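Input: a single structure, listed below in structure tokens.
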Amino acid sequence: MQNPAVLLAILVLSAMMMIFNETTVAVALPAIMAEFGVSADVAQWLLTGFLLTMAVVIPTSGFLIDRLTTRALYFLSMALFLAGSVIAALAPAFWVLIAARVIQAAGTAVMIPLLFTVTLNVVSPQRRGTVMGLNAVVISVAPALGPTLAGLVLSRWTWHHIFWVMVPIPSLLVVIAIFVMRNVGEVRKTPLDALSVLLSVFAFGGLVYGLSTFTQLVTGESVAPGVAVVVGVVFTAIFVARQRRLAKADKALLNLDALRYRDFTLSLVAVIAVFGTFLGTVNLLPIYLQGALGLSTVATGLILLPGGVAQGIASPIAGRLYDAAGTRPIAIPGALILAASQATLWFALGDNTPQWLIVTTLIFTNVAMALVMTPLMTASLSALPQPLYSHGSAILNTLQQLGGAAGTAVFIGVMSLSVAGGASQAQSASLSFGTGVVASIIALAAVSFVGGKRTTTTVESSAPR
């Protein structure tokens, strides 16, 4: 039998490279715009297209994990990601670059739920917090470190190399996996409901597109984001109704029975609020640092770096604390620290804010993320029975993406409205963090009712399939 640590190490490193890729491109947008002669609105599709693809593919991951073996899914995911990276690096036209990002996103959308599902299957409940802490490094820390990596690459090379650096390590991991990766769990002949897939495209795609471009509605540029959100809400309602009906016959694309478990649902609320606050923060601060303070992309990346490192250190520690003490003793202080750090940014940001204060506050923000996200991801999925692991993971990751898009939309939307009202960029940025305080309080309320650590002593099936 394969050592679970080897399997998880391969999955964690693979997922980390993919999540790095999610945020590195934002820093390279000006260079890409200059080379292909496209406007900012058009270039933004490199980010929006990635999010849209993730939102559409992740809901199908529960079906894919049920139907395909671990090896098949892993190599499919890595093949998509590597193909997308090479195509992007060689892209002769902007539309080719967009297509490459979509291919990358499809691979990423398969890998992340696979990582969570395999973790639940091979790790005993007593150690899940520690291992989920390592997974949290992938999900939360990599996005924070992505801009730093991109800034360093762009300081020496062109934007093409942002994609080339994504090739060597994943390629090495694929070679290793050919020889050492084994299958986990059992294949289930779950049917694919094509109508559910189509509904999910309009439901989650509409929501993510509308939220990602909501600033255009706020500034009066276009009503399309508002229409997309309405379409997303309507189709989400239809999608949910269909999944509930199909679940009775075990044919649901996304089994929403997971939402009947209180700890899972409460954890979801907190994860959405916290991750939305986090992504809103890391997407807004570069605008403030480069616009209001006039810093370079490299300097901006370096300011974000200590927080990411701090979170990478804190996440495994938070996982071990969860294994020992449960959810609330770690998540409640984390939510309080997050609220305090958001309040600090709300009141402290200005035209002459010291960089050390921003760095320090970001460190507290990232540590708070570790204290909240690590126990919640563990508690939420551990609250589910084994047959719902893959679907719970798909729900968690889908709504986390929606939360990130919503958080970014709200933060930047508040700033845009404030600028339109005559406020300076610094004042407008500071006001946005007031929404982070509200989201942190919502997270605090939710985690206050999440139960303690799971006490199940049996290890779910990890037999090869």
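Ordering of the structure tokens sets the chain letters (A, B, ...); residue numbers start at 1 within each chain; ligands are numbered from 1 in the order shown.
Excluding Pro4 of chain A itself and same-chain residues fewer than 5 positions from it, the residues having an atom within 10 Å of it are Ala9, Val118, Thr119, Asn121, Val122, Val123, Met181, Arg182, Val184 and Ser462 of chain A, counting only C-alpha atoms.
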Could you turn the residues from that selection into a file that holds N, CA, C and O atoms, as a PDB file, in the first residue's frame?
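The file below, result36.pdb, is the result:
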ATOM      1  N   ALA A   9       1.568  14.658  -1.015  1.00  0.00           N
ATOM      2  CA  ALA A   9       2.625  15.600  -1.386  1.00  0.00           C
ATOM      3  C   ALA A   9       2.544  15.947  -2.869  1.00  0.00           C
ATOM      4  O   ALA A   9       2.678  17.117  -3.265  1.00  0.00           O
ATOM      5  N   VAL A 118      -9.313  13.244  -1.710  1.00  0.00           N
ATOM      6  CA  VAL A 118      -8.296  12.250  -1.380  1.00  0.00           C
ATOM      7  C   VAL A 118      -7.849  12.408   0.069  1.00  0.00           C
ATOM      8  O   VAL A 118      -7.648  11.415   0.789  1.00  0.00           O
ATOM      9  N   THR A 119      -7.693  13.651   0.524  1.00  0.00           N
ATOM     10  CA  THR A 119      -7.297  13.888   1.916  1.00  0.00           C
ATOM     11  C   THR A 119      -8.277  13.242   2.875  1.00  0.00           C
ATOM     12  O   THR A 119      -7.889  12.566   3.844  1.00  0.00           O
ATOM     13  N   ASN A 121     -10.180  10.769   2.378  1.00  0.00           N
ATOM     14  CA  ASN A 121     -10.195   9.316   2.267  1.00  0.00           C
ATOM     15  C   ASN A 121      -8.971   8.634   2.865  1.00  0.00           C
ATOM     16  O   ASN A 121      -9.058   7.479   3.290  1.00  0.00           O
ATOM     17  N   VAL A 122      -7.838   9.297   2.894  1.00  0.00           N
ATOM     18  CA  VAL A 122      -6.613   8.613   3.332  1.00  0.00           C
ATOM     19  C   VAL A 122      -6.097   9.078   4.689  1.00  0.00           C
ATOM     20  O   VAL A 122      -5.189   8.459   5.244  1.00  0.00           O
ATOM     21  N   VAL A 123      -6.672  10.147   5.234  1.00  0.00           N
ATOM     22  CA  VAL A 123      -6.184  10.679   6.511  1.00  0.00           C
ATOM     23  C   VAL A 123      -7.217  10.415   7.597  1.00  0.00           C
ATOM     24  O   VAL A 123      -8.410  10.655   7.409  1.00  0.00           O
ATOM     25  N   MET A 181       2.001   7.029  -7.989  1.00  0.00           N
ATOM     26  CA  MET A 181       0.611   7.329  -7.616  1.00  0.00           C
ATOM     27  C   MET A 181      -0.273   6.097  -7.750  1.00  0.00           C
ATOM     28  O   MET A 181      -0.221   5.377  -8.735  1.00  0.00           O
ATOM     29  N   ARG A 182      -1.100   5.888  -6.725  1.00  0.00           N
ATOM     30  CA  ARG A 182      -2.070   4.796  -6.731  1.00  0.00           C
ATOM     31  C   ARG A 182      -3.483   5.379  -6.609  1.00  0.00           C
ATOM     32  O   ARG A 182      -3.665   6.535  -6.273  1.00  0.00           O
ATOM     33  N   VAL A 184      -7.360   5.765  -5.075  1.00  0.00           N
ATOM     34  CA  VAL A 184      -7.958   5.834  -3.742  1.00  0.00           C
ATOM     35  C   VAL A 184      -9.474   5.762  -3.874  1.00  0.00           C
ATOM     36  O   VAL A 184     -10.057   6.388  -4.767  1.00  0.00           O
ATOM     37  N   SER A 462      -9.899   3.536   2.082  1.00  0.00           N
ATOM     38  CA  SER A 462      -8.828   4.048   1.206  1.00  0.00           C
ATOM     39  C   SER A 462      -8.291   2.923   0.316  1.00  0.00           C
ATOM     40  O   SER A 462      -7.169   2.940  -0.110  1.00  0.00           O
TER      41      SER A 462
END
Checklist entry - Skipping near chain neighbours, those fewer than 3 positions away, what residues fall within 9 Å of Ser212 of chain A using only C-alpha atoms, listed as number ranges by chain? => result A: 47-48, 51, 207-209, 215, 225, 405-406, 408-409
Next on the checklist: Using DSSP assignments from the backbone, pull out every residue in segment 126-288 of chain A that falls under alpha helix (DSSP H) and give it to me as JSON, numbers by chain.
Outcome noted: {"A": [128, 129, 130, 131, 132, 133, 134, 135, 136, 142, 143, 144, 145, 146, 147, 148, 149, 150, 151, 152, 153, 154, 160, 161, 162, 163, 164, 168, 169, 170, 171, 172, 173, 174, 175, 176, 177, 178, 179, 180, 194, 195, 196, 197, 198, 199, 200, 201, 202, 203, 204, 205, 206, 207, 208, 209, 210, 211, 212, 214, 215, 216, 217, 218, 224, 225, 226, 227, 228, 229, 230, 231, 232, 233, 234, 235, 236, 237, 238, 239, 240, 241, 242, 243, 244, 245, 246, 247, 262, 263, 264, 265, 266, 267, 268, 269, 270, 271, 272, 273, 274, 275, 276, 277, 278, 279, 280, 281, 282, 283, 284, 285, 286, 287, 288]}
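Residues within 8 Å of Val12 of chain A, counting only C-alpha atoms and excluding same-chain residues fewer than 5 positions away, are Leu115, Leu134, Asn135 and Val138 of chain A.
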Checklist entry - Skipping near chain neighbours, those fewer than 2 positions away, what residues fall within 8 Å of Ser428 of chain A using only C-alpha atoms, listed as a ChimeraX atom specification? => result /A:414-416,418-419,423-426,430-432
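The gap separating atom CA of Thr69 of chain A from atom CA of Lys189 of chain A is 11.6 Å, in Å to one decimal.
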Next on the checklist: Give me, as a list in words, all polymer residues having an atom no more than 12 Å from Phe179 of chain A, counting only C-alpha atoms and skipping those fewer than 4 positions away in the same chain.
Outcome noted: Gln2, Val6, Leu7, Ile10, Arg71, Leu172, Leu173, Val174 and Val175 of chain A
Item to check | Contacts of Val229 of chain A at 10 Å (only C-alpha atoms; same-chain gap of 4+ positions) as a PyMOL selection string | outcome: chain A and resi 202-211+214+224-225+233-235
Output C-alpha atoms for every residue in the selection just made, as a tab-separated table (two decimals), in the first residue's frame.
chain	number	residue	atom	x	y	z
A	202	PHE	CA	-25.62	29.77	-16.75
A	203	ALA	CA	-25.97	29.65	-12.96
A	204	PHE	CA	-22.39	29.81	-11.74
A	205	GLY	CA	-20.99	31.35	-14.92
A	206	GLY	CA	-23.54	34.15	-14.75
A	207	LEU	CA	-22.83	34.85	-11.09
A	208	VAL	CA	-19.06	34.86	-11.45
A	209	TYR	CA	-19.10	36.98	-14.61
A	210	GLY	CA	-21.54	39.46	-13.12
A	211	LEU	CA	-19.62	39.77	-9.86
A	214	PHE	CA	-19.65	44.50	-11.34
A	224	ALA	CA	-24.37	43.57	-18.55
A	225	PRO	CA	-23.00	42.64	-15.10
A	233	VAL	CA	-29.58	33.82	-9.59
A	234	VAL	CA	-32.51	32.53	-11.67
A	235	PHE	CA	-30.58	29.61	-13.11
Item to check | Pairwise distance for atom CA of Thr360 of chain A and atom CA of Ala270 of chain A, rounded to one decimal in Å | outcome: 23.8 Å
Within 7 Å of Ser440 of chain A, counting only C-alpha atoms, which residues show up once you throw out same-chain ones fewer than 4 positions away? Write them as a PDB file with C-alpha atoms, in the first residue's frame, please.
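Saved file result_15.pdb follows:
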ATOM      1  CA  ALA A 273     -17.209  35.708   3.986  1.00  0.00           C
ATOM      2  CA  VAL A 274     -13.556  35.211   4.927  1.00  0.00           C
ATOM      3  CA  ALA A 335     -12.335  36.016  12.902  1.00  0.00           C
ATOM      4  CA  LEU A 338      -9.437  39.518  10.747  1.00  0.00           C
ATOM      5  CA  ALA A 339     -12.032  42.100  11.790  1.00  0.00           C
ATOM      6  CA  GLY A 436     -14.258  43.633   5.203  1.00  0.00           C
ATOM      7  CA  LEU A 444     -17.555  35.372  13.496  1.00  0.00           C
TER       8      LEU A 444
END
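Take atom CA of Ala55 of chain A and atom CA of Gln400 of chain A: the distance between them is 9.6 Å.
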Checklist entry - Between A:Val438, A:Leu97, A:Ala446, A:Val27, which one has atoms that come closest to Thr277 of chain A, using only C-alpha atoms? => result A:Val438
Give me the segment 17-113 of chain A side of the contact with segment 152-160 of chain A, cut-off 12 Å, one line per residue showing its nearest atom pair and distance in Å at one decimal, counting only C-alpha atoms, sorted by chain and residue number, as a tab-separated table.
residue	atom	partner	partner_atom	distance
A:Thr24	CA	A:Val153	CA	9.7
A:Val25	CA	A:Trp159	CA	8.3
A:Ala26	CA	A:Trp159	CA	10.6
A:Val27	CA	A:Leu154	CA	8.6
A:Ala28	CA	A:Trp159	CA	5.9
A:Leu29	CA	A:Trp159	CA	8.6
A:Pro30	CA	A:Trp159	CA	9.6
A:Ala31	CA	A:Trp159	CA	6.7
A:Ile32	CA	A:Trp159	CA	7.0
A:Met33	CA	A:Trp159	CA	10.6
A:Ala34	CA	A:Trp159	CA	10.9
A:Glu35	CA	A:Trp159	CA	9.7
A:Phe36	CA	A:Trp159	CA	11.9
A:Ser85	CA	A:His160	CA	9.6
A:Val86	CA	A:His160	CA	9.5
A:Ile87	CA	A:His160	CA	10.1
A:Ala88	CA	A:His160	CA	7.4
A:Ala89	CA	A:His160	CA	4.7
A:Leu90	CA	A:His160	CA	7.3
A:Ala91	CA	A:His160	CA	8.5
A:Pro92	CA	A:His160	CA	10.8
A:Leu97	CA	A:His160	CA	10.3
Could you please take those selected residues and save C-alpha atoms as an mmCIF file, in the first residue's frame?
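Writing done, so here's again-v5.cif:
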data_model
loop_
_atom_site.group_PDB
_atom_site.id
_atom_site.type_symbol
_atom_site.label_atom_id
_atom_site.label_comp_id
_atom_site.auth_asym_id
_atom_site.auth_seq_id
_atom_site.Cartn_x
_atom_site.Cartn_y
_atom_site.Cartn_z
ATOM 1 C CA THR A 24 0.308 35.888 -11.332
ATOM 2 C CA VAL A 25 -1.325 37.091 -14.549
ATOM 3 C CA ALA A 26 -2.895 40.198 -12.949
ATOM 4 C CA VAL A 27 0.549 41.771 -12.501
ATOM 5 C CA ALA A 28 1.401 41.125 -16.166
ATOM 6 C CA LEU A 29 -1.749 42.708 -17.639
ATOM 7 C CA PRO A 30 -0.100 46.046 -18.585
ATOM 8 C CA ALA A 31 2.670 44.252 -20.514
ATOM 9 C CA ILE A 32 0.156 41.959 -22.242
ATOM 10 C CA MET A 33 -2.036 44.927 -23.163
ATOM 11 C CA ALA A 34 0.947 46.701 -24.703
ATOM 12 C CA GLU A 35 2.085 43.696 -26.752
ATOM 13 C CA PHE A 36 -1.318 42.787 -28.190
ATOM 14 C CA SER A 85 0.714 26.912 -19.841
ATOM 15 C CA VAL A 86 2.744 26.089 -22.959
ATOM 16 C CA ILE A 87 0.080 27.473 -25.298
ATOM 17 C CA ALA A 88 -0.079 30.676 -23.234
ATOM 18 C CA ALA A 89 3.698 31.110 -23.280
ATOM 19 C CA LEU A 90 3.748 30.724 -27.066
ATOM 20 C CA ALA A 91 0.497 32.604 -27.781
ATOM 21 C CA PRO A 92 0.792 34.551 -31.062
ATOM 22 C CA LEU A 97 -3.922 33.468 -24.733
#
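Distances from A:Ile272, A:Ala15, A:Ala370, A:Ala241 to Ser315 of chain A were compared using only C-alpha atoms, and the smallest one belongs to A:Ala370.
Shortest atom-to-atom contact with Phe116 of chain A among A:Val309, A:Ala443, A:Leu149, A:Leu8: A:Leu8, counting only C-alpha atoms.
If you measure from each of A:Met369, A:Leu388, A:Val437, A:Ile330 to Asp250 of chain A using only C-alpha atoms, the closest one turns out to be A:Leu388.
Each of A:Ser39, A:Thr378, A:Ser390, A:Gln401 was compared to Arg320 of chain A using only C-alpha atoms, and A:Thr378 turns out to be the nearest.
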